[in-house]
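Colleague: Can you keep this structure in mind? I'll have questions shortly.
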Amino acid sequence: MNSVLTIEQSRLEEERTGKKAWKKWGPYLTERQWGTVREDYSTGGDAWNYFTHDQARSRTYRWGEEGLGGISDDRQHLCFALALWNGKDPILKERLFGLTNSEGNHGEDVKEYYFYLDSTPTHSYMKYLYKYPQAAFPYADLVDTNRRRSRNEYEYELLDTGVFNDNRYFDVFVEYAKGGPEDILVRITAENRGPDEAELHLLPTLWFRNDWASWIVIPSSKPNLRQVEGQEGIATVSATQERIGDYTFACEGNVSLLFTDNETNRQKLGLEGENESRYLKDGINDYVVNGQQDAVNPEMNGTKMAAHYHQKIGPGQAATIRLRLSAQPAANENGKATHAVFGEEFDRIFSERLQEADEFYRSVTPPSVSEDTAAVMRQALAGMLWSKQYYYFDGQQWLKEHKAHPLYFGSRPFRNSEWFHMLNEDIISMPDKWEYPWYAAWDLAFHTLPLSIVDPDFAKQQMKLMLRGVYLHPSGQLPAYEWNFSDVNPPVHAWATLFLHRTEQAMCGEVDMEFLKLAFNKLVLNFTWWVNRKDRFGKNVFEGGFLGLDNIGVFDRSAPLPTGGYLEQADGTAWMALFTQNMAELAVELAAEDIIYEDMVLKFVEHFYFIAAAMNRPSQDSMWDEEDGFYYDLLRLPDGSAQRLKVRSIVGLLPLCATTLTEQWQRDRIPRVMAHLEERLIHMPELLEGIHPIGPGHYGVDGRGIMALVNPDRLRRILSKMLDENEFLSPYGIRSLSKYHQEHPFIFNVEGQEFRVDYLPAESNTGMFGGNSNWRGPVWMPVNALIIRALLQFYLYYGDNFKIECPTGSGNLMNLFEVSKEIGNRLTRIFTRDKNGQRPVYGGTDKFQNDPYWREYILFYEYFHGDNGAGLGASHQTGWTGLVAKIIQLFGSMDEKQILEAGKRGAFIHREEKASEVTG
């Protein structure tokens, strides 16, 4: 590996060693605080309707802040974002608009066009784009039309309203460059794409999160923003707050400044009590839009302010404003300017930071990939970095305020009442800062893979967060997400921990034993929770409920079954088998330094054998269906009978993913364990039935062993379906449900009521889980990544000794590296231009496909149409769809020969002159 660091990597090193706090400021504002559980103080838990978008401009938040293209410090004391007004809207555009769960025909959905174009990991350079219509924003039309549409119809999007016709909109670019850790330069450029001159009000806004209110447990003293004398031609504001000190906000030009307070307008909202201030949160809106002169403070101070730039921009023309937020004072004791705020230095810093960002991304992007593919990878990583968010939740306080804390108010049923131990206040990688502006535990595990490309330290820190005592429940359960922390997510965190360990091992040649021990010991608690809570009868088969796969089953797997009885889940059991493998491998690493962990290796390997034997038992009521050659959930009925629910879905492919190599060096490290396991298998040979052969005589390439739920015959039979284009293999990856069910829906009748599963390549046609998620046909990136990982594990074992038709029936034989790369290429193809210059992600949307001002900007959706690759679900869920960046990097860096050569230590390690790449 090249020891010469890029400038951005040097900043990361300064951050890691505590020399400079380069990450103190970043894109930590959410894009929707309204409608979140934390802000919900209703009696019935109706978060969407308790705190609405319409209330948000007048009502102070309790737990966080939001804004357009905004930034804040890492405790969100001081916030900056952009507000806009086109002279026609009924309100300022201060926040993104979207439909609530009850308004959208497929659940909640943001109805805006915005793009994360660039970011370095320290946020030394960032770029964001918001497309703002010049006509009045069609708020009512979006709500009314979507409400009228059925679940079988397309969603009504902002482009469909005609508001962008004739290109009558502004492209508003927001760029940030850091002159130092606490010196943030801001450049906002508005370009008129329309045919006529148009009016635009630009209102860059600075405000303090309200942490001085009476409801705060330990309130701060009230902070202050006030206009001060600055350099000539620069409007200057002093920002003072006891917890972060003093900042100076400089606005280029003789621009008017508007001041108010971040306080609720109780009178306007019909709330009890008196307003805390004469000047309120919606004061700037009322001044600009409604002309209320007395809505802002003439004394030029408050806790919220905006600079009011009123522009008229000609067709094809642009207007730029420059701002600077700095911990440096505006002037010294003699009133002299301390530094040139704007001018040549300002432009030079922007130019340098962009060059440094380019240099950084060249260092992590495989040189073999095309320019278009490299741009997709960079935007995916930018989306990951922009999706960081300050998240604050004090479970103790929140439950007390709701009179639902079980230690004080009894045990009445209430959302998240058992999570009163929680005190979350961190910067966390979010799935999406509008639709999912809260962390999700299993999403976060997948986030760490692409994040490790650009910031391995942040990726490790994210994994540690979920295992801390203020997140992890005392019972050992990981918190799922704030709508219901007690929901059960797949246990992928040991796998992610192992991945991060291998990545660091390859990049640095070092092992962070402290991280491994911390993660392993906490994951033991989580594993024990699974065994105690989700293995109903101690049979080593597991339930778990929906397990993140929402509507994949014929029934809602998180609710009591209409048949009575219970499910033995093929996916839950497979996840646990993978969990045991990952924990065993982590224990082998730890045993190198501490022999006490040898017993843990034994524990987890034996547990894998027990799970495998239970899942593969040769009986009529096992999950494996010999006739179909596939795994299914098993329905256990109250009368003691059992029935397979023969839905061909990801549920039946996940057993393939419970596959892990054992290297010779690993076996040599634990001879006592190996001897004990050999003795165990002599006494219990039935443990070997159904699983992949192991032990002497069954070693693969380079002496590798393998732990796998599926034996070679079952592997072939599962793959024959998975690689069949009439079943799972889409042109754009592996479908979540077989296309077989398009002509052959699975139907189950219970007392005259029909339950069915059809192949639905696009949106869901049911309201299950809110109707905004669909595992009945679309392509999902995270499970595809797990399948790729499993295929590579099998390839490292078999090499060219195992080939299979891909696609099934084509006569084209591939080894499993080639199969994995084919799937990876199909996933990447979702975003890159095809031979006609079209990007499948945008389907038939002409504006995105052909307009030069739209076609280069990529959205990373939640999931993708199973037949044509069009983006579906949350439009900005870069969180786990950002995995495409890791897939691009992996297959752009390594061929099959290099994979085999680099397969030591159970990782795919490839050292080049400029980078080392790993997948776990």
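Labels for the structure tokens follow display order: chains A, B, ..., residues from 1 in each chain, ligands from 1.
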I want to know what sits within 10 Å of Leu200 (chain A), based on only C-alpha atoms, with residues of the same chain fewer than 6 positions away left out; could you give that as a list in words?
Modeller: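 The filter keeps Leu84, Trp85, Asn86, Gly87, Lys88, Tyr132, Gln134, Phe170, Ala190, Asn192, Tyr309, His310, Gln311, Lys312, Ile313 and Ala319 of chain A.
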Colleague: Output C-alpha atoms for every residue in the selection just made, as a JSON list (two decimals), in the first residue's frame.
Modeller:
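Below is the file that was written, result-v4.json:
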[["chain", "number", "residue", "atom", "x", "y", "z"],
["A", 84, "LEU", "CA", -36.06, 30.04, -0.59],
["A", 85, "TRP", "CA", -39.05, 31.95, -1.91],
["A", 86, "ASN", "CA", -40.09, 32.37, -5.51],
["A", 87, "GLY", "CA", -42.60, 35.14, -4.83],
["A", 88, "LYS", "CA", -45.53, 32.82, -5.47],
["A", 132, "TYR", "CA", -36.91, 24.86, -7.01],
["A", 134, "GLN", "CA", -40.63, 29.15, -10.30],
["A", 170, "PHE", "CA", -33.98, 27.22, -10.49],
["A", 190, "ALA", "CA", -28.92, 29.82, -8.28],
["A", 192, "ASN", "CA", -32.38, 30.07, -13.92],
["A", 309, "TYR", "CA", -31.01, 38.33, -0.80],
["A", 310, "HIS", "CA", -33.67, 39.37, -3.33],
["A", 311, "GLN", "CA", -32.57, 38.50, -6.88],
["A", 312, "LYS", "CA", -33.98, 38.78, -10.38],
["A", 313, "ILE", "CA", -32.18, 36.26, -12.54],
["A", 319, "ALA", "CA", -26.61, 34.51, -9.17]]
Colleague: Residues near Ile734 (chain A), anyone? I mean within 7 Å using only C-alpha atoms, not counting same-chain ones fewer than 6 positions away, as a short mmCIF file (atom, residue, chain, number, x, y, z; two decimals) with N, CA and C atoms, in the first residue's frame.
Modeller:
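The result, written out as result.cif:
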data_model
loop_
_atom_site.label_atom_id
_atom_site.label_comp_id
_atom_site.auth_asym_id
_atom_site.auth_seq_id
_atom_site.Cartn_x
_atom_site.Cartn_y
_atom_site.Cartn_z
N PHE A 728 -35.54 -15.90 -10.32
CA PHE A 728 -34.95 -14.85 -9.50
C PHE A 728 -34.03 -13.89 -10.25
N VAL A 779 -35.74 -5.74 -6.61
CA VAL A 779 -34.35 -6.03 -6.27
C VAL A 779 -33.94 -5.14 -5.10
N ASN A 784 -28.60 -8.82 -2.02
CA ASN A 784 -27.74 -9.13 -3.16
C ASN A 784 -26.27 -9.12 -2.74
#
Colleague: If we count only C-alpha atoms and set the cut-off at 9 Å, which residues sit around Asp40 (chain A), ignoring sequence neighbours fewer than 5 positions away in its own chain? Please answer as a ChimeraX atom specification.
Modeller: /A:34-35,45-51
Colleague: For region 240-269 of chain A versus region 71-79 of chain A, which residues have an atom no more than 9 Å away, and what is each residue's nearest atom pair and distance in Å rounded to one decimal, using only C-alpha atoms, chain-then-number order, as a tab-separated table?
Modeller:
residue	atom	partner	partner_atom	distance
A:Gln241	CA	A:His77	CA	8.1
A:Arg243	CA	A:His77	CA	7.8
A:Ile244	CA	A:His77	CA	7.4
Colleague: Grab the residues selected above and save them as a PDB file, in the first residue's frame with C-alpha atoms.
Modeller:
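Written out: part_31.pdb:
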ATOM      1  CA  GLN A 241     -23.707  30.213  23.038  1.00  0.00           C
ATOM      2  CA  ARG A 243     -21.617  25.386  25.037  1.00  0.00           C
ATOM      3  CA  ILE A 244     -19.883  26.133  21.730  1.00  0.00           C
TER       4      ILE A 244
END
Colleague: Nearest to Gln397 (chain A): which of A:Glu356, A:Trp63, A:Pro560, A:Pro778 is it, counting only C-alpha atoms?
Modeller: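 When distances to Gln397 (chain A) are compared using only C-alpha atoms, the smallest one comes from A:Trp63.
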Colleague: Check the smallest atom-to-atom distance from each of A:Trp624, A:Arg680, A:Trp665, A:Arg16 to Asn711 (chain A) using only C-alpha atoms, then report the winner.
Modeller: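 Ranking A:Trp624, A:Arg680, A:Trp665, A:Arg16 by distance to Asn711 (chain A), first place goes to A:Trp624.
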